[in-house]
>>> print(open('structure25.tsv').read())   # TSV, C-alpha atoms
chain	number	residue	atom	x	y	z
A	2	MET	CA	-40.88	-1.68	16.66
A	3	ASN	CA	-39.91	1.64	15.30
A	4	ALA	CA	-40.53	2.74	11.75
A	5	LEU	CA	-42.57	5.26	9.87
A	6	VAL	CA	-46.27	4.71	9.27
A	7	MET	CA	-47.71	6.92	6.56
A	8	TYR	CA	-51.17	7.57	5.14
A	9	ASP	CA	-52.45	8.18	1.64
A	10	ARG	CA	-54.63	11.20	0.95
A	11	GLN	CA	-57.02	9.30	-1.33
A	12	THR	CA	-58.26	6.58	1.05
A	13	ASP	CA	-56.72	7.51	4.44
A	14	THR	CA	-55.25	4.00	4.64
A	15	LEU	CA	-52.23	3.58	6.94
A	16	TRP	CA	-49.09	2.10	5.39
A	17	SER	CA	-46.04	0.64	7.12
A	18	GLN	CA	-42.88	1.84	5.48
A	19	PHE	CA	-40.86	-1.10	6.73
A	20	LEU	CA	-43.34	-3.71	5.50
A	21	SER	CA	-44.24	-1.61	2.43
A	22	ARG	CA	-47.78	-2.73	3.05
A	23	ALA	CA	-51.12	-1.21	4.00
A	24	VAL	CA	-51.91	-2.17	7.59
A	25	ARG	CA	-55.18	-0.34	8.36
A	26	GLY	CA	-57.92	1.02	6.15
A	27	SER	CA	-59.64	0.11	2.92
A	28	LEU	CA	-56.40	-0.87	1.15
A	29	SER	CA	-55.23	-3.16	3.99
A	30	GLY	CA	-53.04	-5.99	2.77
A	31	THR	CA	-51.99	-4.19	-0.41
A	32	GLN	CA	-48.27	-4.38	-1.03
A	33	LEU	CA	-46.31	-1.50	-2.55
A	34	GLU	CA	-43.48	-2.34	-4.92
A	35	ILE	CA	-40.07	-1.39	-3.51
A	36	MET	CA	-37.84	0.33	-6.03
A	37	PRO	CA	-34.09	-0.23	-5.72
A	38	SER	CA	-32.12	2.78	-4.51
A	39	LEU	CA	-28.64	3.69	-3.34
A	40	GLN	CA	-27.90	5.41	-0.04
A	41	THR	CA	-24.52	6.98	-0.70
A	42	THR	CA	-22.49	10.19	-0.68
A	43	TRP	CA	-23.27	13.00	-3.08
A	44	GLU	CA	-19.76	12.64	-4.55
A	45	GLN	CA	-20.20	8.93	-5.31
A	46	TRP	CA	-23.69	9.38	-6.79
A	47	TYR	CA	-22.54	12.28	-8.99
A	48	GLN	CA	-19.62	10.20	-10.29
A	49	LEU	CA	-21.91	7.28	-11.12
A	50	HIS	CA	-24.63	9.51	-12.61
A	51	PRO	CA	-23.14	12.77	-13.97
A	52	ASP	CA	-26.57	13.75	-15.37
A	53	THR	CA	-28.34	13.42	-12.02
A	54	GLN	CA	-30.80	15.94	-10.65
A	55	LEU	CA	-30.78	16.94	-7.00
A	56	LEU	CA	-33.78	17.83	-4.85
A	57	ASP	CA	-33.55	21.58	-4.38
A	58	LYS	CA	-33.08	22.50	-0.75
A	59	GLY	CA	-33.40	26.18	-1.54
A	60	GLY	CA	-30.45	27.13	0.64
A	61	ARG	CA	-32.06	25.67	3.78
A	62	TYR	CA	-31.05	22.83	6.04
A	63	ASN	CA	-27.39	22.17	6.06
A	64	SER	CA	-27.42	19.87	9.03
A	65	ASP	CA	-29.31	16.67	9.55
A	66	SER	CA	-31.51	16.82	12.64
A	67	TYR	CA	-30.83	13.12	13.29
A	68	GLU	CA	-27.04	13.29	13.24
A	69	ARG	CA	-26.75	12.67	16.98
A	70	TYR	CA	-29.27	9.85	16.75
A	71	TYR	CA	-27.30	8.02	14.03
A	72	ARG	CA	-24.22	7.93	16.25
A	73	GLY	CA	-25.92	7.48	19.62
A	74	GLY	CA	-27.19	4.36	21.33
A	75	SER	CA	-30.92	5.07	21.44
A	76	ALA	CA	-33.20	2.85	19.38
A	77	GLY	CA	-36.10	4.64	17.75
A	78	ILE	CA	-38.81	6.37	19.76
A	79	ILE	CA	-40.06	3.51	21.90
A	80	GLY	CA	-36.86	1.50	22.30
A	81	GLU	CA	-36.38	-2.09	21.26
A	82	SER	CA	-39.18	-4.61	21.57
A	83	ASN	CA	-37.29	-7.82	20.80
A	84	ARG	CA	-33.66	-7.49	21.67
A	85	ASP	CA	-31.69	-9.67	19.22
A	86	LYS	CA	-28.20	-9.97	20.65
A	87	ARG	CA	-26.58	-11.27	17.48
A	88	LEU	CA	-25.50	-7.68	16.73
A	89	PRO	CA	-25.45	-4.37	18.62
A	90	GLY	CA	-28.79	-2.61	18.01
A	91	LYS	CA	-27.41	0.40	16.19
A	92	ASP	CA	-25.17	-1.60	13.83
A	93	LEU	CA	-26.13	-1.01	10.21
A	94	VAL	CA	-27.18	-3.87	7.98
A	95	LEU	CA	-28.08	-4.29	4.34
A	96	GLY	CA	-31.25	-6.34	4.43
A	97	VAL	CA	-32.95	-8.31	1.69
A	98	ASN	CA	-36.30	-10.06	1.54
A	99	THR	CA	-36.73	-12.28	-1.50
A	100	ASN	CA	-38.55	-15.55	-2.28
A	101	GLY	CA	-39.59	-15.64	1.38
A	102	LEU	CA	-35.98	-15.53	2.55
A	103	VAL	CA	-34.93	-12.70	4.81
A	104	LYS	CA	-31.25	-12.03	5.30
A	105	ALA	CA	-29.09	-9.26	6.70
A	106	TYR	CA	-25.53	-8.40	5.75
A	107	PRO	CA	-23.84	-6.43	8.56
A	108	PHE	CA	-21.80	-3.43	7.45
A	109	GLN	CA	-18.99	-4.47	9.79
A	110	VAL	CA	-18.68	-7.72	7.80
A	111	ILE	CA	-19.17	-6.48	4.23
A	112	VAL	CA	-16.72	-3.62	4.75
A	113	ARG	CA	-14.04	-6.32	4.89
A	114	GLN	CA	-15.68	-8.56	2.31
A	115	PRO	CA	-17.04	-6.06	-0.22
A	116	LEU	CA	-18.16	-8.58	-2.85
A	117	ILE	CA	-20.16	-11.71	-2.06
A	118	ASN	CA	-21.55	-14.14	-4.63
A	119	ASP	CA	-24.41	-15.54	-2.60
A	120	SER	CA	-27.51	-17.64	-3.07
A	121	LEU	CA	-30.87	-16.91	-1.44
A	122	SER	CA	-33.27	-19.85	-1.59
A	123	GLY	CA	-32.12	-20.68	-5.08
A	124	LYS	CA	-31.76	-17.12	-6.33
A	125	GLN	CA	-28.20	-16.21	-7.28
A	126	VAL	CA	-27.35	-12.80	-5.91
A	127	LEU	CA	-24.40	-10.47	-5.71
A	128	VAL	CA	-23.86	-8.34	-2.60
A	129	VAL	CA	-21.47	-5.43	-3.07
A	130	PHE	CA	-20.13	-2.73	-0.79
A	131	ASP	CA	-18.01	0.30	-1.55
A	132	PRO	CA	-16.11	1.00	1.69
A	133	ALA	CA	-15.00	4.53	0.68
A	134	SER	CA	-18.58	5.81	0.38
A	135	GLU	CA	-20.08	3.15	2.70
A	136	THR	CA	-22.59	2.12	0.05
A	137	GLY	CA	-24.13	-1.30	-0.34
A	138	ALA	CA	-26.26	-2.83	-3.08
A	139	ILE	CA	-27.64	-6.23	-4.01
A	140	PHE	CA	-28.03	-7.50	-7.58
A	141	ASP	CA	-29.52	-10.54	-9.28
A	142	ARG	CA	-26.54	-12.19	-11.00
A	143	ASN	CA	-28.71	-14.11	-13.40
A	144	LEU	CA	-28.24	-12.18	-16.63
A	145	GLU	CA	-30.81	-13.37	-19.17
A	146	GLY	CA	-30.58	-16.97	-18.00
A	147	ARG	CA	-26.82	-16.99	-17.52
A	148	ILE	CA	-25.46	-17.08	-13.96
A	149	LEU	CA	-22.41	-14.88	-13.57
A	150	GLY	CA	-19.80	-14.92	-10.79
A	151	PHE	CA	-17.90	-11.78	-9.89
A	152	ASP	CA	-14.57	-10.64	-8.43
A	153	MET	CA	-13.42	-7.18	-7.37
A	154	LEU	CA	-10.96	-5.32	-9.58
A	155	PRO	CA	-8.12	-3.32	-8.01
A	156	ASP	CA	-8.93	0.28	-7.14
A	157	THR	CA	-8.30	2.52	-10.14
A	158	GLY	CA	-8.16	5.66	-8.01
A	159	ASP	CA	-10.90	7.47	-9.94
A	160	GLY	CA	-13.49	6.92	-7.23
A	161	ILE	CA	-15.63	4.30	-8.99
A	162	SER	CA	-15.18	0.71	-7.77
A	163	LEU	CA	-15.12	-1.94	-10.49
A	164	MET	CA	-15.57	-5.70	-10.72
A	165	LYS	CA	-15.25	-8.33	-13.44
A	166	ASP	CA	-17.28	-11.40	-14.20
A	167	ARG	CA	-15.57	-14.82	-14.29
A	168	GLU	CA	-17.39	-15.98	-17.43
A	169	THR	CA	-16.41	-13.26	-19.93
A	170	GLY	CA	-13.99	-11.03	-18.01
A	171	SER	CA	-16.10	-7.97	-18.78
A	172	THR	CA	-15.66	-4.94	-16.53
A	173	TRP	CA	-18.62	-3.72	-14.45
A	174	GLN	CA	-19.32	-0.82	-12.12
A	175	LEU	CA	-19.69	-2.26	-8.64
A	176	LEU	CA	-22.51	-0.01	-7.45
A	177	THR	CA	-24.63	0.31	-10.60
A	178	GLY	CA	-24.20	-3.28	-11.85
A	179	ARG	CA	-23.57	-1.90	-15.34
A	180	ALA	CA	-20.94	-3.44	-17.65
A	181	ILE	CA	-18.72	-0.73	-19.09
A	182	ASP	CA	-16.17	-2.79	-21.02
A	183	GLY	CA	-15.78	-6.21	-22.64
A	184	GLU	CA	-18.16	-8.67	-24.27
A	185	LEU	CA	-21.06	-7.74	-21.98
A	186	ALA	CA	-20.55	-3.96	-22.23
A	187	GLU	CA	-23.84	-2.01	-21.95
A	188	MET	CA	-25.53	-4.92	-20.17
A	189	ALA	CA	-26.82	-4.34	-16.68
A	190	LEU	CA	-27.65	-6.59	-13.74
A	191	THR	CA	-31.03	-6.07	-12.12
A	192	GLN	CA	-30.68	-4.36	-8.78
A	193	MET	CA	-32.80	-5.95	-6.07
A	194	PRO	CA	-34.62	-3.92	-3.46
A	195	SER	CA	-32.57	-3.87	-0.28
A	196	PHE	CA	-32.98	-2.13	3.03
A	197	TYR	CA	-30.43	0.09	4.72
A	198	SER	CA	-31.40	-0.37	8.32
A	199	PHE	CA	-30.34	-0.40	11.92
A	200	TRP	CA	-30.14	-3.96	13.22
A	201	PHE	CA	-32.71	-3.32	15.98
A	202	ALA	CA	-35.37	-2.36	13.44
A	203	TRP	CA	-34.53	-5.12	10.97
A	204	SER	CA	-34.58	-7.83	13.66
A	205	ASP	CA	-37.77	-6.39	15.19
A	206	PHE	CA	-39.67	-6.72	11.94
A	207	HIS	CA	-37.91	-9.92	10.88
A	208	PRO	CA	-37.19	-11.88	14.07
A	209	LYS	CA	-36.20	-14.99	12.10
A	210	THR	CA	-33.81	-13.21	9.77
A	211	GLU	CA	-30.68	-14.96	8.62
A	212	LEU	CA	-27.48	-13.10	9.35
A	213	TYR	CA	-24.50	-13.29	7.04
A	214	GLU	CA	-21.45	-14.40	8.99
A	215	ALA	CA	-17.88	-13.34	8.39
A	216	THR	CA	-16.53	-16.83	8.87
A	217	ARG	CA	-17.92	-18.05	5.57
A	218	SER	CA	-15.47	-17.91	2.69
A	219	ALA	CA	-15.78	-15.11	0.18
A	220	GLY	CA	-17.18	-15.58	-3.28
B	201	MET	CA	-26.55	15.16	52.66
B	202	TRP	CA	-25.03	18.58	52.07
B	203	LEU	CA	-28.10	19.50	50.07
B	204	LEU	CA	-30.49	19.24	53.03
B	205	GLY	CA	-28.04	21.10	55.22
B	206	ALA	CA	-27.87	23.91	52.76
B	207	PHE	CA	-31.65	24.22	52.75
B	208	ALA	CA	-32.14	24.11	56.50
B	209	GLY	CA	-35.58	25.27	57.59
B	210	LYS	CA	-39.06	24.27	56.51
B	211	SER	CA	-39.07	25.85	53.05
B	212	GLY	CA	-35.59	24.43	52.56
B	213	TYR	CA	-36.93	20.88	52.94
B	214	ILE	CA	-39.68	21.55	50.44
B	215	ILE	CA	-37.18	22.84	47.91
B	216	ALA	CA	-34.95	19.82	48.57
B	217	LEU	CA	-37.88	17.44	48.04
B	218	LEU	CA	-38.77	19.20	44.82
B	219	LEU	CA	-35.18	18.81	43.65
B	220	VAL	CA	-35.20	15.10	44.50
B	221	GLY	CA	-38.49	14.77	42.60
B	222	LEU	CA	-36.96	16.53	39.63
B	223	VAL	CA	-33.95	14.19	39.62
B	224	LEU	CA	-36.26	11.15	39.82
B	225	ALA	CA	-38.41	12.52	37.00
B	226	VAL	CA	-35.35	12.88	34.76
B	227	PHE	CA	-34.36	9.28	35.46
B	228	LEU	CA	-37.88	7.97	34.89
B	229	LEU	CA	-38.58	10.15	31.87
B	230	PRO	CA	-38.05	7.41	29.24
B	231	GLN	CA	-40.52	5.11	31.05
B	232	ILE	CA	-43.05	7.91	31.58
B	233	ARG	CA	-42.73	8.89	27.93
B	234	GLN	CA	-43.15	5.31	26.79
B	235	SER	CA	-46.30	4.66	28.80
B	236	PHE	CA	-47.70	7.97	27.63
B	237	LEU	CA	-47.07	6.95	24.02
B	238	LYS	CA	-48.67	3.54	24.57
B	239	LEU	CA	-51.90	5.30	25.54
B	240	ARG	CA	-52.14	6.63	22.02
B	241	SER	CA	-51.37	3.35	20.30
B	242	GLU	CA	-53.49	0.84	18.47
B	243	THR	CA	-52.64	-2.68	17.47
B	244	VAL	CA	-52.94	-3.93	13.90
B	245	THR	CA	-52.54	-7.46	12.67
B	246	VAL	CA	-50.62	-8.07	9.49
B	247	GLN	CA	-51.00	-11.21	7.44
B	248	ARG	CA	-47.80	-12.19	5.72
B	249	ASN	CA	-47.97	-13.72	2.25
B	250	PRO	CA	-48.73	-17.36	3.03
B	251	ASP	CA	-46.91	-18.65	-0.06
B	252	GLN	CA	-43.67	-16.97	0.89
B	253	GLY	CA	-42.77	-19.43	3.63
B	254	GLY	CA	-39.08	-19.41	4.40
B	255	ASN	CA	-37.98	-17.34	7.36
B	256	SER	CA	-39.86	-14.19	6.44
B	257	GLY	CA	-41.72	-14.37	9.72
B	258	ASP	CA	-44.85	-15.77	11.28
B	259	ALA	CA	-47.92	-15.88	9.07
B	260	VAL	CA	-49.60	-13.31	11.28
B	261	GLN	CA	-47.81	-10.58	13.18
B	262	SER	CA	-49.18	-7.89	15.46
B	263	PHE	CA	-47.85	-4.38	15.48
B	264	ASP	CA	-48.55	-1.38	17.66
B	265	ILE	CA	-49.11	1.84	15.78
B	266	ILE	CA	-48.23	4.75	18.05
B	267	THR	CA	-49.19	8.30	17.16
B	268	VAL	CA	-46.24	10.50	18.07
B	269	LEU	CA	-47.10	13.22	15.61
B	270	GLY	CA	-50.46	13.47	13.90
B	271	LYS	CA	-51.10	13.52	10.17
B	272	ASP	CA	-48.88	16.03	8.39
B	273	GLY	CA	-47.05	16.62	11.67
B	274	ILE	CA	-44.05	16.03	9.47
B	275	PRO	CA	-44.95	17.66	6.15
B	276	SER	CA	-44.16	15.61	3.04
B	277	ILE	CA	-42.71	17.22	-0.07
B	278	ASP	CA	-45.40	17.01	-2.74
B	279	ASN	CA	-44.13	19.09	-5.62
B	280	PRO	CA	-40.39	18.55	-5.46
B	281	ARG	CA	-38.18	20.95	-7.38
B	282	PHE	CA	-34.86	19.75	-8.70
B	283	VAL	CA	-31.66	21.42	-9.78
B	284	GLY	CA	-29.30	20.16	-12.49
B	285	PRO	CA	-25.97	18.48	-11.78
B	286	GLY	CA	-23.82	21.62	-12.06
B	287	GLU	CA	-25.79	23.67	-9.58
B	288	ALA	CA	-26.25	20.61	-7.41
B	289	ASP	CA	-22.52	20.12	-7.10
B	290	GLN	CA	-22.19	23.75	-5.97
B	291	GLN	CA	-24.91	23.24	-3.34
B	292	MET	CA	-23.79	19.91	-1.94
B	293	ASP	CA	-20.77	18.97	0.12
B	294	SER	CA	-19.16	15.90	-1.42
B	295	PHE	CA	-19.45	13.77	1.74
B	296	LYS	CA	-23.14	14.56	2.43
B	297	ARG	CA	-25.36	11.52	2.04
B	298	ILE	CA	-28.22	11.17	-0.40
B	299	LEU	CA	-30.81	8.59	-1.38
B	300	GLY	CA	-30.47	8.03	-5.13
B	301	VAL	CA	-33.12	6.59	-7.42
B	302	SER	CA	-32.62	5.58	-11.07
B	303	ILE	CA	-35.68	4.66	-13.08
B	304	ASN	CA	-35.80	4.49	-16.88
B	305	GLY	CA	-32.64	6.54	-17.16
B	306	ASP	CA	-33.95	9.28	-14.85
B	307	ASN	CA	-31.45	9.75	-11.99
B	308	ARG	CA	-32.45	11.70	-8.91
B	309	ALA	CA	-30.85	12.34	-5.54
B	310	ASP	CA	-32.65	13.38	-2.37
B	311	PRO	CA	-30.33	14.65	0.40
B	312	LEU	CA	-30.80	12.77	3.67
B	313	ASN	CA	-31.04	16.00	5.63
B	314	MET	CA	-34.09	16.95	3.55
B	315	LEU	CA	-35.58	13.48	4.09
B	316	SER	CA	-34.99	13.78	7.84
B	317	ARG	CA	-37.17	16.88	7.92
B	318	HIS	CA	-39.88	15.71	5.54
B	319	GLU	CA	-39.72	11.87	5.68
B	320	ILE	CA	-41.55	11.53	2.37
B	321	VAL	CA	-41.02	12.96	-1.13
B	322	ASN	CA	-43.89	12.29	-3.51
B	323	ASP	CA	-42.20	12.32	-6.91
B	324	THR	CA	-42.37	10.93	-10.43
B	325	VAL	CA	-39.10	9.39	-11.61
B	326	GLY	CA	-38.81	8.15	-15.21
B	327	SER	CA	-42.64	8.38	-15.52
B	328	VAL	CA	-43.08	6.11	-12.47
B	329	PRO	CA	-44.91	7.65	-9.51
B	330	VAL	CA	-42.82	6.97	-6.41
B	331	ALA	CA	-42.73	7.94	-2.75
B	332	VAL	CA	-39.20	8.28	-1.43
B	333	THR	CA	-39.49	7.56	2.30
B	334	TRP	CA	-36.98	7.80	5.15
>>> encode(input="structure25.tsv", output="structure tokens")
Amino acid sequence: MNALVMYDRQTDTLWSQFLSRAVRGSLSGTQLEIMPSLQTTWEQWYQLHPDTQLLDKGGRYNSDSYERYYRGGSAGIIGESNRDKRLPGKDLVLGVNTNGLVKAYPFQVIVRQPLINDSLSGKQVLVVFDPASETGAIFDRNLEGRILGFDMLPDTGDGISLMKDRETGSTWQLLTGRAIDGELAEMALTQMPSFYSFWFAWSDFHPKTELYEATRSAG
Amino acid sequence: MWLLGAFAGKSGYIIALLLVGLVLAVFLLPQIRQSFLKLRSETVTVQRNPDQGGNSGDAVQSFDIITVLGKDGIPSIDNPRFVGPGEADQQMDSFKRILGVSINGDNRADPLNMLSRHEIVNDTVGSVPVAVTW
């Protein structure tokens, strides 16, 4: 298994990033809350959040030291411990872990099916993917007790992908889950924590993970 | 074996053997590296939430923690400084990837190339203390 282990300076406890849990030390067993995030291009993020701040790099570091690793075949530092042949190890997945259900959505599938109304052990979720910026996100589609179903809207050409809900026809931003027009304007879906991960790491930590399959019908 | 021919004589054989050893070492390097890393590993046992059930994994899992770099071998960013959107757009190429966090209306982007070098940014976003990890 390959993933960062970090320590805290207050108690010297060791924490597994992938499990978001303390694994050795006085805080062992403590779970950290995972905050939702988006892994996307600067252009896409700036369009979605024109008021954003950017971590100052002070003119340093233009390249990413892992660029060859992202594209190459090697898996982490120690290689793969449990080879799961359902996908090539370096394929990217969007992973979710909710209500005890662990599921991975492969990028190669969601790039062709960029909006999925899915259900995870009774929880109604929405999985979205913006192919242009290769950005995925997962939302809870229960809005204050009302389950919404979604469909993609045609590309407007302004760089922000949109969707509409089947119940009210309101228009929503695909990647922020925020309604921008219609009856539900200003409402927002709750984004769920999801993991952007290589398949080898996801399947190492979650050997029993479900895998979303392309053959299932959309929506 | 043109190589041996080229190094005819006693010292030639020694050089040839050294070369063969070098080639073998290159091929075996991943294995050597792995067993070396295992020497500095320790195993921890992690109890999964018993009430979660489902397919989230066995109730108890064992993991090896391997020390590749010691504490602060990769320095975290502890007092991050940010620039506003205008300056940011000047600094950043449009296609460069970032990890974006939005909490309580506070939107922040950490470039992946910065995260690759530091792995962790200890920050406060929308009054919530967070660690952005990569």
>>> residues_around(input="structure25.tsv", residues="Thr99 of chain A", least_positions_apart="4", cutoff="12 Å", atoms="all atoms listed in the file", output="VMD selection string")
(chain A and resid 35 103 to 105 120 to 126 139 to 141 193 to 196 210) or (chain B and resid 249 252 to 256)
>>> atom_distance(input="structure25.tsv", atom1="atom CA of Asp57 of chain A", atom2="atom CA of Glu319 of chain B")
15.3 Å
>>> closest_atom_pairs(input="structure25.tsv", of="segment 19-58 of chain A", to="segment 272-284 of chain B", cutoff="7 Å", atoms="only C-alpha atoms", output="tab-separated table")
residue	atom	partner	partner_atom	distance
A:Thr53	CA	B:Gly284	CA	6.8
A:Gln54	CA	B:Gly284	CA	4.8
A:Leu55	CA	B:Phe282	CA	5.2
A:Leu56	CA	B:Phe282	CA	4.4
A:Asp57	CA	B:Phe282	CA	4.9
>>> interface_residues(input="structure25.tsv", of="chain A", to="chain B", cutoff="7 Å", atoms="only C-alpha atoms", output="PyMOL selection string")
chain A and resi 24-25+38-44+50-57+62+64-67+79+100-103+207-210
>>> write_last_selection(input="structure25.tsv", atoms="C-alpha atoms", output="tab-separated table (two decimals), keeping the file's coordinate frame")
chain	number	residue	atom	x	y	z
A	24	VAL	CA	-51.91	-2.17	7.59
A	25	ARG	CA	-55.18	-0.34	8.36
A	38	SER	CA	-32.12	2.78	-4.51
A	39	LEU	CA	-28.64	3.69	-3.34
A	40	GLN	CA	-27.90	5.41	-0.04
A	41	THR	CA	-24.52	6.98	-0.70
A	42	THR	CA	-22.49	10.19	-0.68
A	43	TRP	CA	-23.27	13.00	-3.08
A	44	GLU	CA	-19.76	12.64	-4.55
A	50	HIS	CA	-24.63	9.51	-12.61
A	51	PRO	CA	-23.14	12.77	-13.97
A	52	ASP	CA	-26.57	13.75	-15.37
A	53	THR	CA	-28.34	13.42	-12.02
A	54	GLN	CA	-30.80	15.94	-10.65
A	55	LEU	CA	-30.78	16.94	-7.00
A	56	LEU	CA	-33.78	17.83	-4.85
A	57	ASP	CA	-33.55	21.58	-4.38
A	62	TYR	CA	-31.05	22.83	6.04
A	64	SER	CA	-27.42	19.87	9.03
A	65	ASP	CA	-29.31	16.67	9.55
A	66	SER	CA	-31.51	16.82	12.64
A	67	TYR	CA	-30.83	13.12	13.29
A	79	ILE	CA	-40.06	3.51	21.90
A	100	ASN	CA	-38.55	-15.55	-2.28
A	101	GLY	CA	-39.59	-15.64	1.38
A	102	LEU	CA	-35.98	-15.53	2.55
A	103	VAL	CA	-34.93	-12.70	4.81
A	207	HIS	CA	-37.91	-9.92	10.88
A	208	PRO	CA	-37.19	-11.88	14.07
A	209	LYS	CA	-36.20	-14.99	12.10
A	210	THR	CA	-33.81	-13.21	9.77
>>> residues_near_point(input="structure25.tsv", point="(-24.2, 2.9, -8.4)", cutoff="9 Å", atoms="only C-alpha atoms", output="VMD selection string")
(chain A and resid 38 to 39 41 45 to 46 48 to 50 136 138 161 174 to 179) or (chain B and resid 300)
>>> atom_distance(input="structure25.tsv", atom1="atom CA of Gln18 of chain A", atom2="atom CA of Gly96 of chain A")
14.3 Å
>>> residues_around(input="structure25.tsv", residues="Leu185 of chain A", least_positions_apart="6", cutoff="9 Å", atoms="all atoms listed in the file", output="ChimeraX atom specification")
/A:169-173
>>> atom_distance(input="structure25.tsv", atom1="atom CA of Phe108 of chain A", atom2="atom CA of Asp205 of chain A")
18.0 Å
>>> residues_around(input="structure25.tsv", residues="Val128 of chain A", least_positions_apart="3", cutoff="9 Å", atoms="only C-alpha atoms", output="list in words")
Tyr106, Ile111, Pro115, Leu116, Ile117, Asn118, Asp119, Gly137, Ala138, Ile139 and Phe140 of chain A
